[in-house]
$ cat protein-v4.cif   # mmCIF, C-alpha atoms
data_data
loop_
_atom_site.group_PDB
_atom_site.id
_atom_site.type_symbol
_atom_site.label_atom_id
_atom_site.label_comp_id
_atom_site.auth_asym_id
_atom_site.auth_seq_id
_atom_site.Cartn_x
_atom_site.Cartn_y
_atom_site.Cartn_z
ATOM 1 C CA MET A 1454 -29.722 -12.471 -21.413
ATOM 2 C CA LYS A 1455 -29.739 -13.242 -17.721
ATOM 3 C CA VAL A 1456 -29.710 -16.757 -16.292
ATOM 4 C CA ASP A 1457 -33.270 -16.147 -15.076
ATOM 5 C CA ASP A 1458 -34.353 -15.642 -18.680
ATOM 6 C CA TYR A 1459 -32.824 -18.951 -19.698
ATOM 7 C CA ARG A 1460 -34.492 -20.581 -16.713
ATOM 8 C CA LEU A 1461 -37.835 -19.129 -17.845
ATOM 9 C CA LEU A 1462 -37.421 -20.637 -21.326
ATOM 10 C CA ALA A 1463 -36.464 -24.034 -19.897
ATOM 11 C CA THR A 1464 -39.471 -23.962 -17.565
ATOM 12 C CA LEU A 1465 -41.863 -22.954 -20.345
ATOM 13 C CA SER A 1466 -40.536 -25.819 -22.482
ATOM 14 C CA GLU A 1467 -41.240 -28.308 -19.694
ATOM 15 C CA ALA A 1468 -44.570 -26.807 -18.449
ATOM 16 C CA LYS A 1469 -46.068 -26.333 -21.934
ATOM 17 C CA THR A 1470 -48.363 -23.535 -20.686
ATOM 18 C CA LEU A 1471 -47.878 -20.006 -19.378
ATOM 19 C CA ARG A 1472 -50.005 -20.770 -16.314
ATOM 20 C CA LYS A 1473 -48.017 -23.831 -15.194
ATOM 21 C CA ALA A 1474 -44.719 -22.049 -15.833
ATOM 22 C CA ALA A 1475 -45.897 -19.099 -13.722
ATOM 23 C CA GLU A 1476 -46.800 -21.461 -10.882
ATOM 24 C CA LYS A 1477 -43.379 -23.146 -10.966
ATOM 25 C CA LEU A 1478 -41.559 -19.809 -11.012
ATOM 26 C CA TYR A 1479 -43.824 -18.187 -8.399
ATOM 27 C CA ILE A 1480 -44.586 -15.188 -10.613
ATOM 28 C CA SER A 1481 -47.764 -14.006 -12.323
ATOM 29 C CA GLN A 1482 -48.863 -15.268 -15.708
ATOM 30 C CA PRO A 1483 -48.858 -11.737 -17.266
ATOM 31 C CA ALA A 1484 -45.242 -11.319 -16.023
ATOM 32 C CA VAL A 1485 -44.261 -14.594 -17.703
ATOM 33 C CA SER A 1486 -45.931 -13.509 -20.935
ATOM 34 C CA GLN A 1487 -44.196 -10.119 -20.871
ATOM 35 C CA ARG A 1488 -40.759 -11.603 -20.184
ATOM 36 C CA LEU A 1489 -41.200 -14.162 -22.967
ATOM 37 C CA LYS A 1490 -42.055 -11.368 -25.404
ATOM 38 C CA SER A 1491 -38.915 -9.449 -24.350
ATOM 39 C CA ILE A 1492 -36.755 -12.557 -24.832
ATOM 40 C CA GLU A 1493 -38.188 -13.209 -28.290
ATOM 41 C CA ASP A 1494 -37.617 -9.575 -29.209
ATOM 42 C CA GLU A 1495 -34.004 -9.877 -28.098
ATOM 43 C CA TRP A 1496 -33.428 -12.998 -30.188
ATOM 44 C CA GLY A 1497 -35.435 -11.558 -33.065
ATOM 45 C CA VAL A 1498 -37.364 -14.802 -33.577
ATOM 46 C CA GLN A 1499 -40.503 -16.518 -32.296
ATOM 47 C CA ILE A 1500 -39.540 -19.207 -29.795
ATOM 48 C CA PHE A 1501 -43.040 -20.509 -28.945
ATOM 49 C CA ILE A 1502 -46.321 -20.645 -30.850
ATOM 50 C CA ARG A 1503 -49.043 -19.808 -28.329
ATOM 51 C CA THR A 1504 -52.455 -21.516 -28.387
ATOM 52 C CA LYS A 1505 -55.223 -21.602 -25.802
ATOM 53 C CA LYS A 1506 -54.255 -25.129 -24.786
ATOM 54 C CA ALA A 1507 -50.472 -25.221 -24.991
ATOM 55 C CA LEU A 1508 -47.173 -23.738 -26.119
ATOM 56 C CA TYR A 1509 -45.427 -25.282 -29.108
ATOM 57 C CA THR A 1510 -41.721 -24.735 -29.663
ATOM 58 C CA THR A 1511 -40.694 -23.475 -33.098
ATOM 59 C CA GLY A 1512 -37.779 -25.028 -35.012
ATOM 60 C CA VAL A 1513 -35.381 -22.222 -34.180
ATOM 61 C CA GLY A 1514 -36.906 -22.162 -30.705
ATOM 62 C CA GLU A 1515 -35.701 -25.736 -30.147
ATOM 63 C CA LYS A 1516 -32.104 -24.574 -30.589
ATOM 64 C CA ILE A 1517 -32.594 -21.685 -28.206
ATOM 65 C CA ILE A 1518 -34.269 -23.919 -25.612
ATOM 66 C CA GLU A 1519 -31.410 -26.424 -25.914
ATOM 67 C CA HIS A 1520 -28.936 -23.612 -25.255
ATOM 68 C CA ALA A 1521 -31.044 -22.312 -22.354
ATOM 69 C CA LYS A 1522 -31.074 -25.715 -20.648
ATOM 70 C CA LYS A 1523 -27.282 -25.978 -20.935
ATOM 71 C CA VAL A 1524 -26.867 -22.562 -19.305
ATOM 72 C CA VAL A 1525 -29.230 -23.499 -16.452
ATOM 73 C CA ASP A 1526 -27.564 -26.889 -15.944
ATOM 74 C CA GLU A 1527 -24.071 -25.358 -15.936
ATOM 75 C CA GLU A 1528 -25.111 -22.758 -13.366
ATOM 76 C CA SER A 1529 -26.519 -25.532 -11.200
ATOM 77 C CA ARG A 1530 -23.268 -27.530 -11.459
ATOM 78 C CA VAL A 1531 -21.185 -24.504 -10.523
ATOM 79 C CA LYS A 1532 -23.383 -23.773 -7.509
ATOM 80 C CA ASP A 1533 -23.166 -27.408 -6.400
ATOM 81 C CA TYR A 1534 -19.365 -27.267 -6.762
ATOM 82 C CA ILE A 1535 -19.165 -24.088 -4.702
ATOM 83 C CA LEU A 1536 -21.247 -25.619 -1.936
ATOM 84 C CA ALA A 1537 -19.219 -28.838 -1.955
ATOM 85 C CA ASN A 1538 -15.887 -26.992 -1.890
ATOM 86 C CA GLU A 1539 -16.808 -24.086 0.330
ATOM 87 C CA GLY A 1540 -13.715 -22.967 2.256
ATOM 88 C CA GLU A 1541 -11.292 -25.015 0.137
ATOM 89 C CA VAL A 1542 -8.170 -23.225 -1.108
ATOM 90 C CA GLU A 1543 -7.703 -23.694 -4.844
ATOM 91 C CA GLY A 1544 -6.738 -21.817 -7.997
ATOM 92 C CA ASN A 1545 -3.360 -20.835 -9.457
ATOM 93 C CA ILE A 1546 -0.288 -19.244 -7.900
ATOM 94 C CA SER A 1547 2.859 -18.113 -9.708
ATOM 95 C CA ILE A 1548 6.113 -17.581 -7.827
ATOM 96 C CA GLY A 1549 9.448 -16.192 -9.013
ATOM 97 C CA VAL A 1550 12.302 -17.523 -6.874
ATOM 98 C CA SER A 1551 16.031 -16.810 -6.733
ATOM 99 C CA SER A 1552 17.993 -19.926 -7.647
ATOM 100 C CA LEU A 1553 19.532 -20.454 -4.212
ATOM 101 C CA ILE A 1554 16.123 -20.410 -2.504
ATOM 102 C CA GLY A 1555 14.695 -22.606 -5.254
ATOM 103 C CA TYR A 1556 17.349 -25.186 -4.435
ATOM 104 C CA SER A 1557 17.574 -24.983 -0.661
ATOM 105 C CA ILE A 1558 14.323 -23.868 0.978
ATOM 106 C CA LEU A 1559 11.529 -24.034 -1.573
ATOM 107 C CA PRO A 1560 11.195 -27.834 -2.067
ATOM 108 C CA ASP A 1561 10.306 -28.475 1.590
ATOM 109 C CA ILE A 1562 7.925 -25.516 1.667
ATOM 110 C CA LEU A 1563 6.162 -26.645 -1.512
ATOM 111 C CA TYR A 1564 5.839 -30.154 -0.124
ATOM 112 C CA LYS A 1565 4.057 -28.827 2.962
ATOM 113 C CA TYR A 1566 1.963 -26.361 0.965
ATOM 114 C CA LEU A 1567 0.668 -28.889 -1.559
ATOM 115 C CA ASN A 1568 0.046 -31.392 1.206
ATOM 116 C CA ASP A 1569 -2.240 -28.817 2.864
ATOM 117 C CA PHE A 1570 -3.720 -27.405 -0.364
ATOM 118 C CA PRO A 1571 -3.685 -30.126 -3.042
ATOM 119 C CA SER A 1572 -6.145 -28.285 -5.309
ATOM 120 C CA VAL A 1573 -3.792 -25.362 -5.973
ATOM 121 C CA ASN A 1574 -1.810 -25.244 -9.231
ATOM 122 C CA VAL A 1575 1.681 -23.862 -8.589
ATOM 123 C CA LYS A 1576 3.917 -22.327 -11.264
ATOM 124 C CA ILE A 1577 7.534 -21.744 -10.229
ATOM 125 C CA ASN A 1578 10.156 -19.780 -12.132
ATOM 126 C CA VAL A 1579 13.712 -20.065 -10.783
ATOM 127 C CA GLY A 1580 16.387 -17.569 -11.805
ATOM 128 C CA SER A 1581 18.765 -14.917 -10.583
ATOM 129 C CA THR A 1582 17.452 -12.179 -8.330
ATOM 130 C CA GLN A 1583 17.959 -9.698 -11.164
ATOM 131 C CA GLU A 1584 15.837 -11.858 -13.495
ATOM 132 C CA ILE A 1585 13.087 -12.306 -10.916
ATOM 133 C CA ILE A 1586 12.914 -8.568 -10.215
ATOM 134 C CA ALA A 1587 12.927 -7.740 -13.948
ATOM 135 C CA ASN A 1588 9.947 -10.068 -14.504
ATOM 136 C CA GLN A 1589 8.191 -9.534 -11.169
ATOM 137 C CA GLY A 1590 4.978 -8.458 -12.914
ATOM 138 C CA GLU A 1591 4.494 -12.081 -13.996
ATOM 139 C CA TYR A 1592 4.351 -13.442 -10.438
ATOM 140 C CA HIS A 1593 1.979 -13.279 -7.518
ATOM 141 C CA LEU A 1594 5.016 -13.575 -5.241
ATOM 142 C CA SER A 1595 8.759 -13.034 -5.651
ATOM 143 C CA ILE A 1596 11.470 -14.430 -3.368
ATOM 144 C CA VAL A 1597 14.687 -12.492 -3.888
ATOM 145 C CA ARG A 1598 18.057 -12.136 -2.163
ATOM 146 C CA GLY A 1599 20.010 -9.033 -1.365
ATOM 147 C CA SER A 1600 17.509 -6.559 -2.820
ATOM 148 C CA ARG A 1601 14.014 -5.411 -2.058
ATOM 149 C CA VAL A 1602 11.561 -5.043 -4.941
ATOM 150 C CA LEU A 1603 10.524 -1.420 -5.430
ATOM 151 C CA ASN A 1604 6.879 -0.479 -4.840
ATOM 152 C CA LYS A 1605 6.125 -3.871 -3.251
ATOM 153 C CA GLU A 1606 5.619 -5.211 0.229
ATOM 154 C CA ASN A 1607 8.943 -6.796 1.267
ATOM 155 C CA GLU A 1608 8.856 -9.306 4.123
ATOM 156 C CA LEU A 1609 12.246 -10.282 5.537
ATOM 157 C CA LEU A 1610 12.442 -14.088 5.581
ATOM 158 C CA TYR A 1611 16.073 -14.963 6.281
ATOM 159 C CA ARG A 1612 19.373 -13.337 7.231
ATOM 160 C CA ASP A 1613 22.116 -15.867 6.567
ATOM 161 C CA ARG A 1614 25.850 -15.627 7.207
ATOM 162 C CA HIS A 1615 28.493 -16.780 4.743
ATOM 163 C CA TYR A 1616 31.353 -19.224 5.067
ATOM 164 C CA LEU A 1617 34.521 -20.041 3.228
ATOM 165 C CA VAL A 1618 34.357 -23.745 2.402
ATOM 166 C CA THR A 1619 37.586 -25.623 1.706
ATOM 167 C CA PRO A 1620 38.084 -29.382 1.344
ATOM 168 C CA LYS A 1621 40.207 -30.715 4.189
ATOM 169 C CA ASP A 1622 43.728 -31.939 3.442
ATOM 170 C CA SER A 1623 43.976 -29.590 0.455
ATOM 171 C CA ASN A 1624 46.300 -26.649 -0.091
ATOM 172 C CA PHE A 1625 44.651 -23.377 -1.046
ATOM 173 C CA GLU A 1626 47.274 -22.828 -3.767
ATOM 174 C CA ASP A 1627 46.149 -26.031 -5.488
ATOM 175 C CA LEU A 1628 42.442 -25.221 -5.435
ATOM 176 C CA THR A 1629 40.397 -23.438 -8.078
ATOM 177 C CA ILE A 1630 38.291 -20.504 -6.897
ATOM 178 C CA ILE A 1631 34.594 -21.034 -7.702
ATOM 179 C CA GLU A 1632 32.366 -17.988 -7.987
ATOM 180 C CA PHE A 1633 28.607 -18.281 -7.645
ATOM 181 C CA GLN A 1634 26.518 -15.866 -9.714
ATOM 182 C CA ALA A 1635 25.459 -12.833 -7.669
ATOM 183 C CA ASP A 1636 25.157 -9.053 -7.841
ATOM 184 C CA PRO A 1637 28.338 -6.929 -8.175
ATOM 185 C CA ALA A 1638 28.241 -5.531 -4.623
ATOM 186 C CA TYR A 1639 28.113 -9.032 -3.164
ATOM 187 C CA ILE A 1640 30.991 -10.226 -5.374
ATOM 188 C CA THR A 1641 33.038 -7.213 -4.254
ATOM 189 C CA HIS A 1642 32.652 -8.311 -0.624
ATOM 190 C CA ILE A 1643 33.830 -11.813 -1.531
ATOM 191 C CA LYS A 1644 36.796 -10.392 -3.444
ATOM 192 C CA ASN A 1645 37.824 -8.174 -0.537
ATOM 193 C CA PHE A 1646 37.573 -11.092 1.878
ATOM 194 C CA PHE A 1647 39.703 -13.399 -0.270
ATOM 195 C CA GLU A 1648 42.413 -10.846 -0.869
ATOM 196 C CA ALA A 1649 42.612 -9.885 2.809
ATOM 197 C CA ARG A 1650 42.480 -13.499 3.988
ATOM 198 C CA PHE A 1651 45.033 -14.988 1.587
ATOM 199 C CA ASN A 1652 47.059 -11.926 0.626
ATOM 200 C CA THR A 1653 46.724 -12.755 -3.046
ATOM 201 C CA LYS A 1654 44.671 -11.507 -5.986
ATOM 202 C CA TYR A 1655 41.129 -12.827 -6.236
ATOM 203 C CA GLU A 1656 40.978 -14.659 -9.561
ATOM 204 C CA PRO A 1657 38.062 -17.101 -9.851
ATOM 205 C CA GLN A 1658 38.438 -19.667 -12.623
ATOM 206 C CA ILE A 1659 35.027 -21.345 -12.472
ATOM 207 C CA PHE A 1660 31.777 -19.383 -12.653
ATOM 208 C CA VAL A 1661 28.496 -21.154 -11.895
ATOM 209 C CA ASP A 1662 24.860 -20.037 -11.801
ATOM 210 C CA GLN A 1663 23.536 -23.103 -10.002
ATOM 211 C CA ILE A 1664 24.376 -23.768 -6.379
ATOM 212 C CA THR A 1665 24.071 -27.514 -6.980
ATOM 213 C CA THR A 1666 26.994 -27.336 -9.418
ATOM 214 C CA CYS A 1667 29.030 -25.456 -6.847
ATOM 215 C CA ARG A 1668 28.371 -28.085 -4.167
ATOM 216 C CA GLU A 1669 29.227 -30.984 -6.479
ATOM 217 C CA LEU A 1670 32.529 -29.364 -7.370
ATOM 218 C CA LEU A 1671 33.286 -29.084 -3.666
ATOM 219 C CA ARG A 1672 32.455 -32.753 -3.157
ATOM 220 C CA LYS A 1673 34.980 -33.615 -5.871
ATOM 221 C CA LYS A 1674 37.554 -31.383 -4.131
ATOM 222 C CA VAL A 1675 37.837 -29.315 -7.275
ATOM 223 C CA GLY A 1676 37.741 -25.890 -5.693
ATOM 224 C CA ILE A 1677 37.217 -23.442 -2.895
ATOM 225 C CA THR A 1678 34.257 -21.096 -2.562
ATOM 226 C CA VAL A 1679 32.033 -19.030 -0.292
ATOM 227 C CA LEU A 1680 28.583 -20.390 0.518
ATOM 228 C CA PRO A 1681 25.632 -18.988 2.487
ATOM 229 C CA GLU A 1682 24.643 -20.990 5.543
ATOM 230 C CA LEU A 1683 21.366 -21.965 3.835
ATOM 231 C CA VAL A 1684 23.416 -24.131 1.485
ATOM 232 C CA LEU A 1685 25.638 -25.696 4.134
ATOM 233 C CA GLU A 1686 22.720 -27.766 5.378
ATOM 234 C CA GLY A 1687 23.054 -31.261 4.003
ATOM 235 C CA LEU A 1688 26.772 -30.877 3.248
ATOM 236 C CA ASP A 1689 29.042 -33.296 5.122
ATOM 237 C CA LEU A 1690 30.857 -30.606 7.066
ATOM 238 C CA GLU A 1691 33.336 -33.080 8.595
ATOM 239 C CA ASN A 1692 35.104 -33.183 5.240
ATOM 240 C CA TYR A 1693 35.561 -29.417 4.962
ATOM 241 C CA HIS A 1694 37.248 -26.547 6.644
ATOM 242 C CA ILE A 1695 34.555 -23.953 7.422
ATOM 243 C CA GLU A 1696 35.449 -20.341 8.161
ATOM 244 C CA GLU A 1697 33.030 -17.456 8.546
ATOM 245 C CA VAL A 1698 33.454 -14.638 6.027
ATOM 246 C CA MET A 1699 34.151 -11.299 7.668
ATOM 247 C CA VAL A 1700 34.079 -7.964 5.859
ATOM 248 C CA GLU A 1701 35.657 -5.101 7.791
ATOM 249 C CA ASP A 1702 35.326 -7.090 11.032
ATOM 250 C CA SER A 1703 31.596 -7.749 10.438
ATOM 251 C CA PRO A 1704 29.936 -10.961 9.232
ATOM 252 C CA LEU A 1705 28.866 -10.973 5.600
ATOM 253 C CA ILE A 1706 25.064 -11.117 5.763
ATOM 254 C CA ARG A 1707 22.656 -11.775 2.914
ATOM 255 C CA GLU A 1708 18.937 -11.071 3.312
ATOM 256 C CA THR A 1709 16.089 -12.896 1.614
ATOM 257 C CA PHE A 1710 12.804 -11.087 0.983
ATOM 258 C CA LEU A 1711 9.300 -12.181 0.070
ATOM 259 C CA SER A 1712 7.876 -9.458 -2.198
ATOM 260 C CA TYR A 1713 4.288 -8.918 -3.359
ATOM 261 C CA ASP A 1714 1.459 -6.454 -3.865
ATOM 262 C CA LYS A 1715 -0.950 -6.310 -0.941
ATOM 263 C CA SER A 1716 -3.827 -6.887 -3.343
ATOM 264 C CA VAL A 1717 -2.721 -10.487 -4.087
ATOM 265 C CA LEU A 1718 -3.446 -11.441 -0.478
ATOM 266 C CA MET A 1719 -7.117 -11.327 -1.430
ATOM 267 C CA LEU A 1720 -6.456 -14.635 -3.200
ATOM 268 C CA PRO A 1721 -6.708 -17.420 -0.579
ATOM 269 C CA GLN A 1722 -4.089 -19.576 -2.312
ATOM 270 C CA VAL A 1723 -1.573 -16.713 -2.188
ATOM 271 C CA ALA A 1724 -2.389 -15.688 1.383
ATOM 272 C CA SER A 1725 -1.980 -19.325 2.476
ATOM 273 C CA PHE A 1726 1.465 -19.587 0.883
ATOM 274 C CA VAL A 1727 2.583 -16.295 2.447
ATOM 275 C CA GLU A 1728 1.459 -17.474 5.875
ATOM 276 C CA LEU A 1729 3.254 -20.810 5.486
ATOM 277 C CA ILE A 1730 6.595 -19.426 4.314
ATOM 278 C CA LYS A 1731 6.587 -16.752 7.021
ATOM 279 C CA ASN A 1732 5.955 -19.413 9.674
ATOM 280 C CA GLU A 1733 8.731 -21.567 8.229
ATOM 281 C CA SER A 1734 11.167 -18.658 8.298
ATOM 282 C CA LYS A 1735 10.396 -18.082 11.992
ATOM 283 C CA LEU A 1736 11.199 -21.709 12.751
ATOM 284 C CA ARG A 1737 14.655 -21.229 11.281
ATOM 285 C CA ASP A 1738 15.475 -18.177 13.423
#

$ encode --input "protein-v4.cif" --output "C-alpha cells"
Amino acid sequence: MKVDDYRLLATLSEAKTLRKAAEKLYISQPAVSQRLKSIEDEWGVQIFIRTKKALYTTGVGEKIIEHAKKVVDEESRVKDYILANEGEVEGNISIGVSSLIGYSILPDILYKYLNDFPSVNVKINVGSTQEIIANQGEYHLSIVRGSRVLNKENELLYRDRHYLVTPKDSNFEDLTIIEFQADPAYITHIKNFFEARFNTKYEPQIFVDQITTCRELLRKKVGITVLPELVLEGLDLENYHIEEVMVEDSPLIRETFLSYDKSVLMLPQVASFVELIKNESKLRD
C-alpha cells in the first residue's frame, strides 16, 4: 500500500462519511469509494461497514486504521525533520587509516570535522597500510602511505621526508636500533641508509607497530630510529640529533594518499571530510 492509501483510511476514520472524506482529500466521492474497495480487497477484509448516514469501523478494521495512522504520523515526522535539518550534513562515515596518520594528523582533523558537522557518526579503523588496503571495501575513505589503492581515486595528501633520530650525548654503539612496521621496500631503504651511514650491519633489535611506542622509547634514550617528519612534530628536538635520511643522494620520501570511489562523494558527510582533509594538507605544504 502507498502512504496515500493509509492517509485515505485515516481520513475516513475521522470523517465518518465518504462525502466528508472526499472533501478533505479534494477528490470525488466515487474515487474515494473505489480506492476504499481496492484497499479492502488488498487486505482481504472489510474495514468499514457502510450505511447511508455513516461509516462504522469493523473490529479488524480498527487494527488496520491504527496501523494507517502510525504510517501517516511517521511520514509527517520525517518530513518535518527533513525541513528542520535541510542542508545539514549527517549520517555515517567509515575511514580506514594507516597507524602513523591515525596518530599524527587524524586527531586534529577529526576535531575540526566534528566541530563543523556534529551530527555525523564517524567510524575509524587504524592499522597498517597493508591491512587498510586489504579491507578497503569496508571504508568510504582510506588513508594509506607509500601505496596507491588500485581502481580508486588517489589524492596525494603529504610528501614527508625522513630523519635519523638519535638521543644527544649517546654513542651509536650503545643504542638499540628500533624498526617501525612498514612495507619491505621502505625497510630496504632504511637498511641501506644505516649500513652506508655507519658502515655496520643493520640489525634492529626492537620492532614496533605503533609510532607512539617508538617515540616513548626515544624519550627514554633506549634506541635510535628513523622517523618521518610528520612524527617529529611535538618531539623536543633540542634533546636529539636529527639527520635527514638520504638514499643514493636523494631524500627518502614517503607519500600519503586519500583513496576512495568517486561515487562516495555523493554522500555529503564524505564529500565534506574529503574537502577538509585536502584543505588541511595544503596548509602543511

$ atom_distance --input "protein-v4.cif" --atom1 "atom CA of A:Gly1555" --atom2 "atom CA of A:Glu1543"
22.4 Å

$ closest_residue --input "protein-v4.cif" --among "A:Leu1553, A:Leu1489, A:Ala1649, A:Ile1730" --to "A:Thr1464" --atoms "only C-alpha atoms"
A:Leu1489

$ closest_residue --input "protein-v4.cif" --among "A:Glu1519, A:Asp1494, A:Glu1541, A:Glu1648" --to "A:Gln1722" --atoms "only C-alpha atoms"
A:Glu1541

$ axis_aligned_box --input "protein-v4.cif" --around "stretch 1559-1576 of chain A" --padding-each-side "6 Å" --output "lines of an AutoDock Vina configuration file"
center_x = 2.7
center_y = -26.9
center_z = -4.2
size_x = 29.7
size_y = 21.1
size_z = 26.2

$ closest_residue --input "protein-v4.cif" --among "A:Ile1585, A:Ile1631, A:Leu1567, A:Ala1638" --to "A:Val1542" --atoms "only C-alpha atoms"
A:Leu1567

$ resolve_selection --input "protein-v4.cif" --expression "the PyMOL selection byres ((chain A and resi 1459) around 12)" --output "VMD selection string"
chain A and resid 1454 to 1458 1460 to 1466 1488 to 1489 1492 to 1493 1517 to 1528

$ closest_residue --input "protein-v4.cif" --among "A:Asp1622, A:Asp1714, A:Glu1495, A:Glu1632" --to "A:His1593" --atoms "only C-alpha atoms"
A:Asp1714

$ residues_around --input "protein-v4.cif" --residues "A:Leu1688" --least-positions-apart "6" --cutoff "10 Å" --atoms "only C-alpha atoms" --output "list in words"
Arg1668, Leu1671 and Arg1672 of chain A

$ atom_distance --input "protein-v4.cif" --atom1 "atom CA of A:Ser1547" --atom2 "atom CA of A:Thr1709"
18.2 Å

$ resolve_selection --input "protein-v4.cif" --expression "the PyMOL selection byres ((chain A and resi 1469) around 12)" --output "list in words"
Leu1461, Leu1462, Ala1463, Thr1464, Leu1465, Ser1466, Glu1467, Ala1468, Thr1470, Leu1471, Arg1472, Lys1473, Ala1474, Ala1475, Lys1477, Phe1501, Ile1502, Arg1503, Thr1504, Lys1505, Lys1506, Ala1507, Leu1508, Tyr1509 and Thr1510 of chain A

$ closest_residue --input "protein-v4.cif" --among "A:Lys1576, A:Arg1650, A:Arg1707, A:Lys1674" --to "A:Val1550" --atoms "all atoms listed in the file"
A:Lys1576

$ closest_residue --input "protein-v4.cif" --among "A:Ile1500, A:Asn1645, A:Thr1666, A:Gly1549" --to "A:Glu1701" --atoms "all atoms listed in the file"
A:Asn1645

$ atom_distance --input "protein-v4.cif" --atom1 "atom CA of A:Val1675" --atom2 "atom CA of A:Ser1552"
22.0 Å

$ residues_around --input "protein-v4.cif" --residues "A:Asn1604" --least-positions-apart "6" --cutoff "12 Å" --atoms "all atoms listed in the file" --output "PDB file with C-alpha atoms, in the frame of the given file"
ATOM      1  CA  ILE A1586      12.914  -8.568 -10.215  1.00  0.00           C
ATOM      2  CA  GLN A1589       8.191  -9.534 -11.169  1.00  0.00           C
ATOM      3  CA  GLY A1590       4.978  -8.458 -12.914  1.00  0.00           C
ATOM      4  CA  SER A1712       7.876  -9.458  -2.198  1.00  0.00           C
ATOM      5  CA  TYR A1713       4.288  -8.918  -3.359  1.00  0.00           C
ATOM      6  CA  ASP A1714       1.459  -6.454  -3.865  1.00  0.00           C
ATOM      7  CA  LYS A1715      -0.950  -6.310  -0.941  1.00  0.00           C
TER       8      LYS A1715
END

$ residues_around --input "protein-v4.cif" --residues "A:Glu1733" --least-positions-apart "6" --cutoff "12 Å" --atoms "all atoms listed in the file" --output "CSV table (one decimal) with C-alpha atoms, in the frame of the given file"
chain,number,residue,atom,x,y,z
A,1558,ILE,CA,14.3,-23.9,1.0
A,1559,LEU,CA,11.5,-24.0,-1.6
A,1561,ASP,CA,10.3,-28.5,1.6
A,1562,ILE,CA,7.9,-25.5,1.7
A,1563,LEU,CA,6.2,-26.6,-1.5
A,1565,LYS,CA,4.1,-28.8,3.0
A,1566,TYR,CA,2.0,-26.4,1.0
A,1610,LEU,CA,12.4,-14.1,5.6
A,1611,TYR,CA,16.1,-15.0,6.3
A,1726,PHE,CA,1.5,-19.6,0.9
A,1727,VAL,CA,2.6,-16.3,2.4

$ residues_around --input "protein-v4.cif" --residues "A:Thr1619" --least-positions-apart "4" --cutoff "8 Å" --atoms "all atoms listed in the file" --output "VMD selection string"
chain A and resid 1623 1625 1671 1676 to 1678 1693 to 1695

$ decode --input "protein-v4.cif" --residues "stretch 1701-1712 of chain A" --atoms "N, CA, C and O atoms" --output "mmCIF file, in the first residue's frame"
data_model
loop_
_atom_site.group_PDB
_atom_site.id
_atom_site.type_symbol
_atom_site.label_atom_id
_atom_site.label_comp_id
_atom_site.auth_asym_id
_atom_site.auth_seq_id
_atom_site.Cartn_x
_atom_site.Cartn_y
_atom_site.Cartn_z
ATOM 1 N N GLU A 1701 70.900 7.015 -1.959
ATOM 2 C CA GLU A 1701 71.539 7.286 -3.253
ATOM 3 C C GLU A 1701 71.485 8.778 -3.576
ATOM 4 O O GLU A 1701 71.052 9.201 -4.649
ATOM 5 N N ASP A 1702 71.889 9.570 -2.576
ATOM 6 C CA ASP A 1702 71.998 11.034 -2.700
ATOM 7 C C ASP A 1702 70.648 11.748 -2.865
ATOM 8 O O ASP A 1702 70.600 12.924 -3.229
ATOM 9 N N SER A 1703 69.543 11.036 -2.617
ATOM 10 C CA SER A 1703 68.216 11.662 -2.688
ATOM 11 C C SER A 1703 67.502 11.471 -1.360
ATOM 12 O O SER A 1703 67.669 10.436 -0.702
ATOM 13 N N PRO A 1704 66.693 12.460 -0.954
ATOM 14 C CA PRO A 1704 65.946 12.306 0.305
ATOM 15 C C PRO A 1704 64.971 11.136 0.227
ATOM 16 O O PRO A 1704 64.369 10.880 -0.821
ATOM 17 N N LEU A 1705 64.840 10.427 1.330
ATOM 18 C CA LEU A 1705 63.835 9.363 1.407
ATOM 19 C C LEU A 1705 62.472 10.011 1.622
ATOM 20 O O LEU A 1705 62.236 10.679 2.624
ATOM 21 N N ILE A 1706 61.589 9.831 0.644
ATOM 22 C CA ILE A 1706 60.266 10.462 0.661
ATOM 23 C C ILE A 1706 59.190 9.395 0.804
ATOM 24 O O ILE A 1706 59.252 8.330 0.184
ATOM 25 N N ARG A 1707 58.206 9.688 1.608
ATOM 26 C CA ARG A 1707 57.055 8.790 1.777
ATOM 27 C C ARG A 1707 55.794 9.579 1.459
ATOM 28 O O ARG A 1707 55.575 10.669 2.007
ATOM 29 N N GLU A 1708 54.950 9.035 0.598
ATOM 30 C CA GLU A 1708 53.724 9.730 0.194
ATOM 31 C C GLU A 1708 52.507 9.160 0.918
ATOM 32 O O GLU A 1708 52.432 7.956 1.174
ATOM 33 N N THR A 1709 51.578 10.050 1.222
ATOM 34 C CA THR A 1709 50.323 9.654 1.854
ATOM 35 C C THR A 1709 49.173 9.966 0.904
ATOM 36 O O THR A 1709 49.084 11.079 0.377
ATOM 37 N N PHE A 1710 48.306 8.983 0.684
ATOM 38 C CA PHE A 1710 47.207 9.132 -0.262
ATOM 39 C C PHE A 1710 45.850 8.981 0.421
ATOM 40 O O PHE A 1710 45.692 8.175 1.335
ATOM 41 N N LEU A 1711 44.898 9.761 -0.054
ATOM 42 C CA LEU A 1711 43.497 9.602 0.309
ATOM 43 C C LEU A 1711 42.835 8.868 -0.851
ATOM 44 O O LEU A 1711 42.818 9.365 -1.981
ATOM 45 N N SER A 1712 42.284 7.672 -0.580
ATOM 46 C CA SER A 1712 41.745 6.824 -1.640
ATOM 47 C C SER A 1712 40.251 6.589 -1.447
ATOM 48 O O SER A 1712 39.795 6.376 -0.317
#
